[in-house]
Amino acid sequence: MDLTLNESEEAFRDEVRSWLEANHPGREPHGDEAAFAFRREWQRQLHEGGWAGISWPQEFGGRGATLIEQAIFSSEMARADAPAPANILGLVMGGPVIMAHGSDEQKERWLEPILSGEEIWCQGFSEPESGSDLASLKTKAVKVDGGWKVTGQKVWTTFAHESKWCMLVARTDSEVAKHKGLSYFICDMEQDGVEVRPLVQITGEAEFNEVFFEEAFVADENLVGGEGNGWMVAITTLMNERAGLGGGAAVAVSRDLGQLIEVVREHGLEDDPEIRTRVADLLIGCEALRLGGMRAMTAQMKTGIPGPEGSLGKWEWATLNQSLTELACDVLGPEGLERGTPWTYRMLRSRANSIEGGTTEVMKNIIAERVLGLPRLR
Amino acid sequence: MRFDFNDEQAEIKETARQFLAARFRPDKVRELAEAGAYEDALWTEVSELGWPGIAIAEEHGGQGLGMVELVVLCEELGFACAPLPFLANAAAGLVIDGAGSDEQKAEHLPGIASGEARGAVTDEAVALDADGAAAIVVLAADGPRLVAAADAALEPLELIDQTRRYSRLTAGAGEPLPGDADAAADRMVVAVAAELVGIGQRAMEMAVEYAKEREQFGRPIGAYQGVSHACAKMVYDIEEARSLTYAAAWAADAEPESLPLAAAMAKARASEAAWDVCKASIQVHGGIGFTWEHDLHFLLKRARADAQLFGTAAQHKDRVAALAGLG
């Protein structure tokens, strides 16, 4: 057991830290479009510095970093409060899926523009009728000459309006069991058959979109992993998503906790027993999340694959972030009701934490079934 | 960076699990608890394995290992709900080692390490396993003291936890332990946290096993989310408590400056986690879990007692807040 970084890991951390100090782009501008352009420029900078594909193998233009180095990088990004790169979905999900399941031509075509941020990717999984039960999705792909025609609706599609490519799971066979009739496509968003409508969320902003496909064309060479293998390919995406969420989460919560403690002091509530207990619970939960991440990483170094423990981390993070932002708004009092202030925004935004990337209920199912071996109801 | 046990620690864990499963089968735990007694032969056997001296320096007759190894044992003793005076003896050893004079160490540690002259510990309310101990460490607000058994007057206490012996020290001034006992007290706190993790782990495993076999409405009850999600929450609670406890044990050995915060976090979380898991396990068991005949109540009651020992969750949370810069 050694919870410290060794010499080479410390050297790596110092390298990341000093690069971030020298290159930090500052605060994100207001407004969706300005913010996106800012993140795109940030990704270009990260790519130039060799940081964009930190977990990608070197043969595909990445850094080939170890798990510990990836965790250090995520932690330093969170510590510096650096923005996420624009093409985060391409980097965390699209690229890894192409590397795992794509043909040589597909790797050649797509990987480099993902890294540079030149082509933005979005994820077309969820549908209005298919949230947690993803395999029940209805969007159809019908075979035509040279490709497929896609018709249906996707929802909660982040960055769809900025995207060139969509990771699209569609039904190619409705005669077989629901998991078996799906295929995984990379769909060109720049065509007439695709319409993107912003979805305004409870914060008042529109991070997400609804996407309508009306006989949108996908060429044969854009099918990934073969016809009927869409479920298996999609699961890879989701595992990478959850692993990707984990990295800097504890550091981000810890950073926000530091800000919260400042707010408590400013409001003269440091001796209030209830506030003290709630802050202590958050500090304890945050440390448990950080340590749990280290244990999961140690296990992954031995087994080579991320375990179901990632689901616990996702659940812990959602719980913590929601409690933290609620407490901040409680401490702020009437100020915690004002529209557009950072804490009220975070408090409202955190309501999605227990839904996005797999609901807390689904995380509990995964733990019950895969960690404890309890029977499935379905 | 590596957060797991080394081979030796894993082996200690495995040996302890097997030994305790064989010696403290549920009917044995019940027999001893109902009789309100320990079995000397079992303590002798545990002593022959070197457990009482695991974290005591070799010069005093111990094994010279660290807090991580002690925590491994404490967790397994909690898992077995073993009626043994282990925890109090280990706690006394930690405090004498941390705050005792050279003479006090030389006089008391060898007996504690060999298990032949046990130590015990008491705060201002409750003494743990003082009956039959050679020396009692008194943790008082004005500093720790050491009371020889011959000078101590004890009044037995009947607490809900019958797997151990409790009493109240009514007289016995003793001599001061001159050193700083704070770090030793934090080590002691981590040892109890580890026992709580073991208790919670056992209660969780019992709940899961029962949820797989008990059928209602034609299905195992573990298939219902009302039950399975309660079990998932047990994983959440126990794994958080475990991570914090192991990390605090590591800090005690390798990074003492971070021990106070780590120990307070571990004890606060483990106290609540073990209690919550035991409660939920009874709920999952339904009516049978509420009977005297079922073994769960021994775990529930010991979890309650451990949660009170050496500072409650509320007290340790207050320390966490203070150490984080609040007041």
# chains A, B, ... in the order shown; residues from 1 in each chain; ligands from 1
>>> residues_around(residues="segment 123-131 of chain A", least_positions_apart="2", cutoff="10 Å", atoms="only C-alpha atoms", output="VMD selection string")
chain A and resid 89 to 90 93 to 94 121 133 to 139 152 to 160 163 165 to 170 184 to 187 210 to 211 234 237 355 to 356 358 to 359
>>> residues_around(residues="Gln300 of chain A", least_positions_apart="6", cutoff="12 Å", atoms="only C-alpha atoms", output="list of chain:residue names")
A:Thr66, A:Leu67, A:Ile68, A:Ala243, A:Gly293, A:Met294, A:Pro306, A:Gly307, A:Pro308, A:Glu309, A:Gly310, B:Arg2, B:Phe3, B:Asp4
>>> write_last_selection(atoms="C-alpha atoms", output="compact mmCIF listing (two decimals), in the first residue's frame")
# COMPACT_ATOMS: atom_id res chain seq x y z
CA THR A 66 -0.50 4.81 -18.01
CA LEU A 67 -3.67 4.70 -15.91
CA ILE A 68 -1.95 6.60 -13.11
CA ALA A 243 -14.26 5.57 -16.75
CA GLY A 293 -10.86 5.78 -7.33
CA MET A 294 -7.35 4.79 -6.27
CA PRO A 306 -12.48 -1.33 -15.48
CA GLY A 307 -14.68 -3.12 -12.93
CA PRO A 308 -18.26 -2.41 -11.88
CA GLU A 309 -16.82 -0.24 -9.07
CA GLY A 310 -16.95 2.64 -11.56
CA ARG B 2 -0.94 1.44 -5.16
CA PHE B 3 -3.96 0.96 -2.92
CA ASP B 4 -4.15 -2.70 -1.94
>>> residues_around(residues="segment 6-13 of chain B", least_positions_apart="5", cutoff="7 Å", atoms="only C-alpha atoms", output="PyMOL selection string")
(chain A and resi 1) or (chain B and resi 69+72-73)
>>> closest_residue(among="A:Val251, A:Leu289, A:Val279, A:Ala177", to="Ala78 of chain A", atoms="only C-alpha atoms")
A:Val251
>>> residues_around(residues="Thr44 of chain B", least_positions_apart="2", cutoff="12 Å", atoms="only C-alpha atoms", output="ChimeraX atom specification")
/B:38-42,46-52,84-86,113-118
>>> closest_atom_pairs(of="chain A", to="chain B", cutoff="8 Å", atoms="only C-alpha atoms", output="Markdown table")
| residue | atom | partner | partner_atom | distance |
| --- | --- | --- | --- | --- |
| A:Met1 | CA | B:Phe3 | CA | 5.0 |
| A:Asp2 | CA | B:Arg2 | CA | 5.1 |
| A:Leu3 | CA | B:Met1 | CA | 5.1 |
| A:Thr4 | CA | B:Met1 | CA | 5.4 |
| A:Leu5 | CA | B:Met1 | CA | 5.2 |
| A:Asn6 | CA | B:Met1 | CA | 6.8 |
| A:Ile68 | CA | B:Met1 | CA | 7.7 |
| A:Ile261 | CA | B:Leu326 | CA | 7.5 |
| A:Arg265 | CA | B:Leu326 | CA | 7.5 |
| A:Glu270 | CA | B:Leu326 | CA | 5.1 |
| A:Asp271 | CA | B:Gly327 | CA | 6.0 |
| A:Arg276 | CA | B:Ala321 | CA | 5.8 |
| A:Thr277 | CA | B:Lys317 | CA | 6.1 |
| A:Val279 | CA | B:Ala321 | CA | 6.7 |
| A:Ala280 | CA | B:Ala321 | CA | 5.2 |
| A:Asp281 | CA | B:Lys317 | CA | 7.2 |
| A:Leu283 | CA | B:Val320 | CA | 7.8 |
| A:Ile284 | CA | B:Met265 | CA | 5.7 |
| A:Gly285 | CA | B:Glu240 | CA | 7.6 |
| A:Glu287 | CA | B:Leu244 | CA | 7.5 |
| A:Ala288 | CA | B:Glu240 | CA | 5.2 |
| A:Leu289 | CA | B:Glu240 | CA | 7.5 |
| A:Leu291 | CA | B:Ser243 | CA | 5.9 |
| A:Gly292 | CA | B:Ser243 | CA | 6.1 |
| A:Met294 | CA | B:Phe3 | CA | 6.1 |
| A:Arg295 | CA | B:Phe3 | CA | 5.1 |
| A:Thr298 | CA | B:Arg2 | CA | 5.7 |
| A:Leu312 | CA | B:Tyr236 | CA | 6.7 |
| A:Glu316 | CA | B:Tyr236 | CA | 7.9 |
| A:Glu361 | CA | B:His229 | CA | 7.8 |
| A:Lys364 | CA | B:Ala232 | CA | 5.5 |
| A:Asn365 | CA | B:His229 | CA | 6.9 |
| A:Ile367 | CA | B:Ala232 | CA | 5.7 |
| A:Ala368 | CA | B:Ala232 | CA | 5.3 |
| A:Leu372 | CA | B:Val208 | CA | 7.0 |
| A:Leu374 | CA | B:Gly222 | CA | 5.7 |
| A:Pro375 | CA | B:Ala223 | CA | 5.0 |
| A:Arg376 | CA | B:Ala223 | CA | 5.2 |
| A:Leu377 | CA | B:Ala223 | CA | 4.8 |
